[in-house]
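Take a look at the structure below.
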Amino acid sequence: MPTTPATTLHFGKHAFRRFRPFAAACLLLVTAVSVAAGSPVKQRKDMQTPPAQHLQLSPAEKQYLQQLGPITVCPDPDWIPYEQMDAKGNFTGIAADLLELVAQRVGISFRYIKVKDWDEAVALSQAGKVLLLPFLNQTPKREQWLTFTEPLFSDPNVFITREEYPFITNAALLKDKIIAVPSGTSIEEKVRRDYPNLKILNTGNSEAEVFKAVSERRADLTLRSLTLSAYTIRKGGWFTLKIAGQAPDEYINRLRIGVLKSEPMLREILNKGIATITPHEREEITNRHINITVIKPMDYGFILRIAAALAILIGLSFYWNLRLKRINAALQESERSKSVLLANLPGMAYRCRLDRDWTMEFLSEGCLGLTGYRSDDLVMNKRLAFNDLIVPHYREQLWEDWQKAVQGRHAVRLEYRITTADNQEKWVLEQGIPIFDEAGQVQALEGIIVDISELKQIEAQIQHLASYDNLTNLPNRALFSDRIERALLSAQRHSSKLALFFIDLDQFKPINDELGHDVGDWLLQVAAQRMTESVRESDTVARIGGDEFAVLLQSIATLQDARNVAEKIRTALNRPFITPAGVTLNISCSIGVALYPEDGNNQRDLLHAADEAMYRAKKGGGNAVELCQPSRPQAIPTTSHSIIRLVWKPEYLSGEPSIDAEHQELLRMANLLLEQIASPKNDPARFNATLDSLLQHITSHFENEEALLRRIGYHEVDEHARQHALLKEQIVTLRQVAEKRTISTGELVDFLAIKVVHEHLMEADRKYFALLTAGTTNSNTTQDAN
């Protein structure tokens, strides 16, 4: 069969050394990438296509085509190797050949309109002056005036950078980078939508200008199709560029024919033709247009290097031949030598068929140690197939990876998990290669599989140690910083809020100094656990260092929501800590709160704002929540409006520090409620949130108090618990009233001053104070006697 003459390119002696594709698959594709100077569609005599398969159109379809008249097509004049209009006005390229097949199958003809650039082609289509745009991606913007056929051709998109640029795993994490894209393309629409962190440089309609902008450092990267990138890099000699990463699957180019929305029947007719094109035909057309023959000028230095490398290989060959002769002499036969070699290989050597069961034709003795099964159990699927050992999650991906290896004729390196005979899972590494016969058909797959479970465990441990605090198992500063950055990107994209807390433990240093680091470490662990339990699973609590912690709250609606969570953490840390040795510890915390975007639009500013607020809380005596801007309407007023205030008195002291601390907190929260209800700008939502916090505190306090009374043997503990239950019912009722109307100052004073302070704190609680005082005296007397 005559073939299209391949374009021969002459590159400098360093060209290949400087071109480093990002993966083996790309390497094979780029190596085989081709640039055919295609002859016109109408004059192509070398196109080998099967006999015309004229489809039978319905009478209505035939009448429609007669009435429609010429089917006008406006290709991109400069999008090689996909499509171009040459100087004579002939349409050539992959798209041209595919459209020619469609025309033959359906029995229609196209009239191609020549334009100066793609923008003009799009403008003509929008104006309804041409019926078809032949080779483009379907996008919401284009759907405004076009309807689309099934895909004619699929091709992944890749990131192109200069050779010194690192590999790109996630373009959403790039900062202050410029991406070059042609104007008016679907790629430009998607980049603007998915990567707002990137600045876009439009380079007009020339593909060469895109790569030139990256090469000349006017842009950091571009995102183009793999076929197009390989072609343009080779043809333009841009060997300072490389493929640095693959775009997500949704960026795969599924190139279709765009048809004016007014012609839905024409789209259906074209779809019939597209459906007849086979994968083999698409592959044949693609190979015709991407085939480069590279001729390098004579480079004697290169020849000397090759000669030196050959000499080394020959020397190594002699050395290994000598070693093998000695081994063979010791073993006395080559077959036994091979058996010993296979038996001592790490893992398992194999030869298998390319089928869904991975039918094994040979397995080395390492099979037993790796899988728990003897080789005979798996060979020819005698007892079970190797596919049965593979964890189901990985099976489809392994099949796809091997299919790609066979198509590209390259080796594979795969990591996956298997289930052994004793029902344990192992991580394994498989390295293999397809074996072909003279006709190019796959004979078998050969390779080796080794156990990497221990390596995976070490990797996981190293990753955990690098990201988590060893004492509390909370995220450390590095991981916390990374989560803030991700949260900020999400908040910017969805126009949402987030909050940052800085938390410093009060009274921790004296405990750590007096009771020792073991007690201090235990206290940090329990405090970390309480903070974690006070937030949602989607939030992050981190240990920044020492007794300092930080919290990230995502998707916060209001500042009051953030304050409520901070108050919940403060209340949790106010509860007594009882060590395994029975020692009761009391601490509190100072919390600074900053909100995005009000208090800063980047990590540095938000952390600084939260830190400053935390220090204000610390300077004010601690055990407080301080907002970044205390003058905001949501913050607690600094000027008192209430004429009633509950004052802590010495006679309220019980003799038990933890109970006294909770009683003092109770009065503080009661005064806060009185202040809020008396304020001229009373906020019902804020008042109800404070009332909820009071209910939580009272519930926790009652539980602690009842546990203490049972521990000291208080004979009226059941009656005391009944009074607690009654008070909780009253505050719940008060909360329900607050949902329906504003609570009066009188109602609030009656409950807080009369019911809680006078009747309960002054009368009911004072009955057990003497027991606590006696216990303290006895404890001190015992210590003195000792």
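By order in the structure tokens, chains are A, B, ...; within a chain, residues start at 1; ligands start at 1, following the order shown.
Summary of the local environment: counting only C-alpha atoms, residues at most 7 Å from stretch 397-414 of chain A, other than itself and those fewer than 3 positions away along its chain, are Leu28, Tyr394, Leu429, Glu430, Gln431, Gly432, Ile433 and Pro434 of chain A.
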Would you write out those residues with all heavy atoms, as a PDB file, in the first residue's frame?
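Below you can see selection.pdb, which holds the result:
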ATOM      1  N   LEU A  28       6.309   6.901  24.572  1.00  0.00           N
ATOM      2  CA  LEU A  28       6.076   6.058  23.413  1.00  0.00           C
ATOM      3  C   LEU A  28       5.278   6.813  22.368  1.00  0.00           C
ATOM      4  O   LEU A  28       5.547   6.722  21.170  1.00  0.00           O
ATOM      5  CB  LEU A  28       5.332   4.799  23.836  1.00  0.00           C
ATOM      6  CG  LEU A  28       6.200   3.826  24.641  1.00  0.00           C
ATOM      7  CD1 LEU A  28       5.324   2.742  25.250  1.00  0.00           C
ATOM      8  CD2 LEU A  28       7.259   3.205  23.764  1.00  0.00           C
ATOM      9  N   TYR A 394      -9.013  -3.156  42.516  1.00  0.00           N
ATOM     10  CA  TYR A 394      -7.908  -2.895  41.592  1.00  0.00           C
ATOM     11  C   TYR A 394      -8.042  -3.636  40.262  1.00  0.00           C
ATOM     12  O   TYR A 394      -7.274  -3.367  39.332  1.00  0.00           O
ATOM     13  CB  TYR A 394      -6.576  -3.319  42.239  1.00  0.00           C
ATOM     14  CG  TYR A 394      -6.247  -2.571  43.499  1.00  0.00           C
ATOM     15  CD1 TYR A 394      -6.585  -3.082  44.745  1.00  0.00           C
ATOM     16  CD2 TYR A 394      -5.611  -1.334  43.451  1.00  0.00           C
ATOM     17  CE1 TYR A 394      -6.305  -2.390  45.909  1.00  0.00           C
ATOM     18  CE2 TYR A 394      -5.324  -0.637  44.613  1.00  0.00           C
ATOM     19  CZ  TYR A 394      -5.670  -1.173  45.831  1.00  0.00           C
ATOM     20  OH  TYR A 394      -5.396  -0.489  46.983  1.00  0.00           O
ATOM     21  N   LEU A 429       4.144  -5.220  44.324  1.00  0.00           N
ATOM     22  CA  LEU A 429       4.640  -4.451  43.180  1.00  0.00           C
ATOM     23  C   LEU A 429       4.843  -5.425  42.034  1.00  0.00           C
ATOM     24  O   LEU A 429       5.554  -6.430  42.187  1.00  0.00           O
ATOM     25  CB  LEU A 429       5.960  -3.755  43.520  1.00  0.00           C
ATOM     26  CG  LEU A 429       6.741  -3.175  42.332  1.00  0.00           C
ATOM     27  CD1 LEU A 429       5.971  -2.021  41.696  1.00  0.00           C
ATOM     28  CD2 LEU A 429       8.115  -2.708  42.771  1.00  0.00           C
ATOM     29  N   GLU A 430       4.211  -5.148  40.917  1.00  0.00           N
ATOM     30  CA  GLU A 430       4.367  -5.989  39.724  1.00  0.00           C
ATOM     31  C   GLU A 430       5.086  -5.206  38.640  1.00  0.00           C
ATOM     32  O   GLU A 430       4.705  -4.073  38.317  1.00  0.00           O
ATOM     33  CB  GLU A 430       3.002  -6.443  39.203  1.00  0.00           C
ATOM     34  CG  GLU A 430       3.106  -7.253  37.915  1.00  0.00           C
ATOM     35  CD  GLU A 430       1.744  -7.686  37.377  1.00  0.00           C
ATOM     36  OE1 GLU A 430       0.730  -7.428  38.054  1.00  0.00           O
ATOM     37  OE2 GLU A 430       1.708  -8.274  36.287  1.00  0.00           O
ATOM     38  N   GLN A 431       6.131  -5.802  38.083  1.00  0.00           N
ATOM     39  CA  GLN A 431       6.834  -5.233  36.940  1.00  0.00           C
ATOM     40  C   GLN A 431       6.839  -6.289  35.842  1.00  0.00           C
ATOM     41  O   GLN A 431       7.337  -7.409  36.046  1.00  0.00           O
ATOM     42  CB  GLN A 431       8.259  -4.834  37.309  1.00  0.00           C
ATOM     43  CG  GLN A 431       8.288  -3.630  38.261  1.00  0.00           C
ATOM     44  CD  GLN A 431       9.708  -3.182  38.572  1.00  0.00           C
ATOM     45  OE1 GLN A 431      10.395  -3.814  39.354  1.00  0.00           O
ATOM     46  NE2 GLN A 431      10.128  -2.106  37.946  1.00  0.00           N
ATOM     47  N   GLY A 432       6.259  -5.964  34.709  1.00  0.00           N
ATOM     48  CA  GLY A 432       6.143  -6.945  33.645  1.00  0.00           C
ATOM     49  C   GLY A 432       6.183  -6.318  32.274  1.00  0.00           C
ATOM     50  O   GLY A 432       6.198  -5.089  32.120  1.00  0.00           O
ATOM     51  N   ILE A 433       6.168  -7.180  31.259  1.00  0.00           N
ATOM     52  CA  ILE A 433       6.255  -6.711  29.880  1.00  0.00           C
ATOM     53  C   ILE A 433       5.502  -7.684  28.990  1.00  0.00           C
ATOM     54  O   ILE A 433       5.502  -8.898  29.226  1.00  0.00           O
ATOM     55  CB  ILE A 433       7.733  -6.588  29.434  1.00  0.00           C
ATOM     56  CG1 ILE A 433       7.831  -5.854  28.099  1.00  0.00           C
ATOM     57  CG2 ILE A 433       8.417  -7.950  29.373  1.00  0.00           C
ATOM     58  CD1 ILE A 433       9.242  -5.434  27.754  1.00  0.00           C
ATOM     59  N   PRO A 434       4.794  -7.201  27.950  1.00  0.00           N
ATOM     60  CA  PRO A 434       4.113  -8.104  27.023  1.00  0.00           C
ATOM     61  C   PRO A 434       5.110  -8.736  26.040  1.00  0.00           C
ATOM     62  O   PRO A 434       6.059  -8.077  25.602  1.00  0.00           O
ATOM     63  CB  PRO A 434       3.113  -7.192  26.305  1.00  0.00           C
ATOM     64  CG  PRO A 434       3.671  -5.817  26.435  1.00  0.00           C
ATOM     65  CD  PRO A 434       4.460  -5.786  27.700  1.00  0.00           C
TER      66      PRO A 434
END
Worksheet item: Which residues, written as a list in words, have at least one atom at most 9 Å from stretch 72-77 of chain A, with only C-alpha atoms counted and residues fewer than 4 positions away on the same chain left out?
Response: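 The residues that qualify are Tyr82, Glu83, Gln84, Met85, Asp86, Phe91, Ala95, Ala96, Phe110, Arg111, Tyr112, Ile113, Lys114, Val115, Lys116, Asp117, Trp118, Asp119, Ala121, Val122, Leu124, Ser125, Lys129, Val130, Leu131, Leu132, Leu133, Pro134 and Phe135 of chain A.
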Worksheet item: Can you list every residue in stretch 44-195 of chain A that DSSP puts in alpha helix (DSSP H), as a VMD selection string?
Response: chain A and resid 59 to 68 94 to 106 118 to 126 186 to 194
Item to complete: May I have all residues of stretch 204-254 of chain A that DSSP, computed from the backbone, assigns to strand (DSSP E), given as JSON, numbers by chain?
Response: {"A": [221, 222, 223, 224, 225, 241, 242, 243, 244, 245, 246, 253, 254]}
Output N, CA, C and O atoms of each residue in that selection to a file, as a PDB file, in the first residue's frame.
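As written to disk, out07.pdb reads:
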ATOM      1  N   LEU A 221       3.120  27.856  31.865  1.00  0.00           N
ATOM      2  CA  LEU A 221       2.639  26.562  31.396  1.00  0.00           C
ATOM      3  C   LEU A 221       1.540  26.767  30.376  1.00  0.00           C
ATOM      4  O   LEU A 221       1.031  27.886  30.187  1.00  0.00           O
ATOM      5  N   THR A 222       1.171  25.681  29.692  1.00  0.00           N
ATOM      6  CA  THR A 222       0.004  25.671  28.838  1.00  0.00           C
ATOM      7  C   THR A 222      -0.676  24.330  28.996  1.00  0.00           C
ATOM      8  O   THR A 222      -0.103  23.385  29.562  1.00  0.00           O
ATOM      9  N   LEU A 223      -1.907  24.213  28.513  1.00  0.00           N
ATOM     10  CA  LEU A 223      -2.679  22.973  28.598  1.00  0.00           C
ATOM     11  C   LEU A 223      -3.211  22.684  27.207  1.00  0.00           C
ATOM     12  O   LEU A 223      -4.118  23.344  26.732  1.00  0.00           O
ATOM     13  N   ARG A 224      -2.626  21.676  26.560  1.00  0.00           N
ATOM     14  CA  ARG A 224      -3.007  21.342  25.194  1.00  0.00           C
ATOM     15  C   ARG A 224      -3.162  19.834  25.051  1.00  0.00           C
ATOM     16  O   ARG A 224      -2.747  19.071  25.920  1.00  0.00           O
ATOM     17  N   SER A 225      -3.705  19.401  23.936  1.00  0.00           N
ATOM     18  CA  SER A 225      -3.901  17.967  23.723  1.00  0.00           C
ATOM     19  C   SER A 225      -2.562  17.272  23.565  1.00  0.00           C
ATOM     20  O   SER A 225      -1.576  17.867  23.098  1.00  0.00           O
ATOM     21  N   LEU A 241      11.011  22.444  26.225  1.00  0.00           N
ATOM     22  CA  LEU A 241       9.719  22.191  26.847  1.00  0.00           C
ATOM     23  C   LEU A 241       9.554  20.708  27.134  1.00  0.00           C
ATOM     24  O   LEU A 241      10.214  19.865  26.533  1.00  0.00           O
ATOM     25  N   LYS A 242       8.656  20.404  28.054  1.00  0.00           N
ATOM     26  CA  LYS A 242       8.381  19.006  28.389  1.00  0.00           C
ATOM     27  C   LYS A 242       6.919  18.861  28.779  1.00  0.00           C
ATOM     28  O   LYS A 242       6.231  19.827  29.100  1.00  0.00           O
ATOM     29  N   ILE A 243       6.432  17.625  28.745  1.00  0.00           N
ATOM     30  CA  ILE A 243       5.104  17.294  29.251  1.00  0.00           C
ATOM     31  C   ILE A 243       5.241  17.075  30.749  1.00  0.00           C
ATOM     32  O   ILE A 243       5.935  16.162  31.182  1.00  0.00           O
ATOM     33  N   ALA A 244       4.591  17.926  31.565  1.00  0.00           N
ATOM     34  CA  ALA A 244       4.823  17.929  33.017  1.00  0.00           C
ATOM     35  C   ALA A 244       3.651  17.382  33.815  1.00  0.00           C
ATOM     36  O   ALA A 244       3.674  17.409  35.030  1.00  0.00           O
ATOM     37  N   GLY A 245       2.637  16.862  33.174  1.00  0.00           N
ATOM     38  CA  GLY A 245       1.520  16.315  33.933  1.00  0.00           C
ATOM     39  C   GLY A 245       0.301  16.174  33.048  1.00  0.00           C
ATOM     40  O   GLY A 245       0.206  16.812  31.984  1.00  0.00           O
ATOM     41  N   GLN A 246      -0.625  15.336  33.453  1.00  0.00           N
ATOM     42  CA  GLN A 246      -1.848  15.117  32.695  1.00  0.00           C
ATOM     43  C   GLN A 246      -3.025  15.767  33.400  1.00  0.00           C
ATOM     44  O   GLN A 246      -3.139  15.706  34.619  1.00  0.00           O
ATOM     45  N   ASN A 253     -10.184  15.618  25.382  1.00  0.00           N
ATOM     46  CA  ASN A 253     -10.820  16.211  24.210  1.00  0.00           C
ATOM     47  C   ASN A 253     -11.694  15.162  23.536  1.00  0.00           C
ATOM     48  O   ASN A 253     -11.190  14.145  23.051  1.00  0.00           O
ATOM     49  N   ARG A 254     -12.988  15.395  23.533  1.00  0.00           N
ATOM     50  CA  ARG A 254     -13.900  14.538  22.771  1.00  0.00           C
ATOM     51  C   ARG A 254     -14.418  15.395  21.621  1.00  0.00           C
ATOM     52  O   ARG A 254     -15.411  16.111  21.759  1.00  0.00           O
TER      53      ARG A 254
END
Discussion item. Just want the 6 Å neighbourhood of stretch 589-592 of chain A, counted on only C-alpha atoms, with same-chain residues fewer than 2 positions away dropped. Output as a PyMOL selection string.
Written reply: chain A and resi 501-506+610+613-614+617-618+622-627
Worksheet item: atom CA of A:Tyr416 and atom CA of A:Cys367 are how many Å apart?
Response: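 Going from atom CA of A:Tyr416 over to atom CA of A:Cys367, I get 16.3 Å.
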Practice prompt. Could you tell me which of A:Glu716, A:Glu747, A:Glu598, A:Asp78 comes closest to A:Leu673 if we count only C-alpha atoms?
Written response: A:Glu747
Practice prompt. Using only C-alpha atoms, find the one residue out of A:Leu455, A:Leu354, A:Leu136, A:Leu65 that sits nearest to A:Phe436.
Written response: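 Selected residue with least distance to A:Phe436: A:Leu354.
Put simply, atom CA of A:Gln525 is 28.5 Å away from atom CA of A:Leu559.
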Item to complete: Just give me the gap between atom CA of A:Ser700 and atom CA of A:Ala661 in Å, one decimal is fine.
Response: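 Taking atom CA of A:Ser700 as the start and atom CA of A:Ala661 as the end point, the length is 12.6 Å.
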Worksheet item: Given the choices A:Ser154, A:Asn170, A:Leu98, A:Glu263, which gets closest to A:Leu68 if the distance is worked out from only C-alpha atoms?
Response: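 With only C-alpha atoms as the atom set, the closest residue is A:Glu263.
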Worksheet item: Can you list, as a ChimeraX atom specification, every protein, DNA or RNA residue that comes within 6 Å of A:Met348 when you count only C-alpha atoms, leaving out same-chain residues fewer than 2 positions away?
Response: /A:364,366-367,448-449
Please write the residues from the selection above to a file, keeping N, CA, C and O atoms, as a short mmCIF file (atom, residue, chain, number, x, y, z; two decimals), in the first residue's frame.
data_model
loop_
_atom_site.label_atom_id
_atom_site.label_comp_id
_atom_site.auth_asym_id
_atom_site.auth_seq_id
_atom_site.Cartn_x
_atom_site.Cartn_y
_atom_site.Cartn_z
N SER A 364 7.10 -19.20 39.72
CA SER A 364 8.28 -19.67 40.44
C SER A 364 7.90 -20.11 41.84
O SER A 364 6.77 -19.93 42.30
N GLY A 366 8.57 -18.88 44.56
CA GLY A 366 8.22 -17.78 45.46
C GLY A 366 6.74 -17.57 45.61
O GLY A 366 6.29 -16.79 46.46
N CYS A 367 5.92 -18.26 44.80
CA CYS A 367 4.46 -18.13 44.87
C CYS A 367 3.95 -18.47 46.26
O CYS A 367 3.07 -17.78 46.79
N ILE A 448 7.67 -10.09 37.27
CA ILE A 448 7.92 -10.49 38.65
C ILE A 448 7.02 -9.69 39.58
O ILE A 448 6.70 -8.52 39.30
N ILE A 449 6.54 -10.33 40.65
CA ILE A 449 5.67 -9.68 41.65
C ILE A 449 6.32 -9.85 43.02
O ILE A 449 6.67 -10.97 43.41
#
Worksheet entry | 12 Å contact set for A:Gln664, only C-alpha atoms, chain neighbours under 5 positions out, as a PyMOL selection string | chain A and resi 574+623+646-650+652-654+657-659+669-671+697-698+701+757+761
Discussion item. Neighbouring residues of stretch 531-537 of chain A were defined as those with any atom within 10 Å, considering only C-alpha atoms; residues of the same chain fewer than 6 positions away were excluded. Please report them as a PyMOL selection string.
Written reply: chain A and resi 474+549-554+565-573
Worksheet item: Pick from A:Leu389, A:Leu772, A:Leu595, A:Leu727: nearest to A:Lys497, with only C-alpha atoms counted?
Response: A:Leu595
